[in-house]
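A.B. asks: Here you go, one structure.
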Amino acid sequence: MLILSRKTDQQIKIGDDITITIIDIHGDQVKIGVEAPKNVKVFRQEVFNAIKSENTAAATPAGSSVEKILSLSKLLKK
């Protein structure tokens with residue numbers, strides 16, 4: 001991981017196409033702007049994790065989830 005110190009209005013370049021600009025620093029909160037080509041998806045980590053989780057759940061066949069719940073239910077009854 002590369003760690004950089006920046007001040008308001010300073011920028012960071014990632015490759016030729018992505019620019020990160022420090023917009024504001026207030027206490028422990030930093031606001032950044034990200035300029036990237038439209039084909040580059042930019043997400044906050046928690047949003048990315050939620051999308052990934054939803055995609056995984058949607059790709060899981062419903063039958064296997066039901067079978068797992070029934071198996072777990074039987075184990076809990078013992």
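Please note that chains go A, B, ... in the order of the structure tokens, that every chain numbers its residues from 1, and that ligands are numbered from 1 in the order shown.
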Based on the backbone DSSP call, show me all residues of chain A assigned alpha helix (DSSP H), as a PyMOL selection string.

C.D. replies: chain A and resi 45-59+62-77

A.B. asks: Could you give me, as a list in words, the residues within 6 Å of segment 13-19 of chain A, counting only C-alpha atoms and dropping anything in the same chain fewer than 4 positions from it?

C.D. replies: Val34, Glu35 and Ala36 of chain A

A.B. asks: Quick one: residues within 12 Å of Asp9 of chain A, only C-alpha atoms, excluding same-chain residues fewer than 3 positions away - as a list in words?

C.D. replies: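 The residues satisfying every condition are Arg6, Ile12, Thr19, Ile20, Thr21, Ile22, Ile23, Asp24, Ile25, Val30, Lys31, Ile32 and Gly33 of chain A.
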
A.B. asks: Report the distance between atom CA of Lys38 of chain A and atom CA of Ile51 of chain A in Å, rounded to one decimal place.

C.D. replies: 18.5 Å

A.B. asks: Taking the DSSP assignment computed from this structure's backbone, write out as a list in words all residues of chain A that belong to strand (DSSP E).

C.D. replies: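 Restricting chain A to strand (DSSP E) produces Gln11, Ile12, Lys13, Ile14, Ile18, Thr19, Ile20, Thr21, Ile22, Ile23, Asp24, Ile25, His26, Gln29, Val30, Lys31, Ile32, Gly33, Val34 and Glu35 of chain A.
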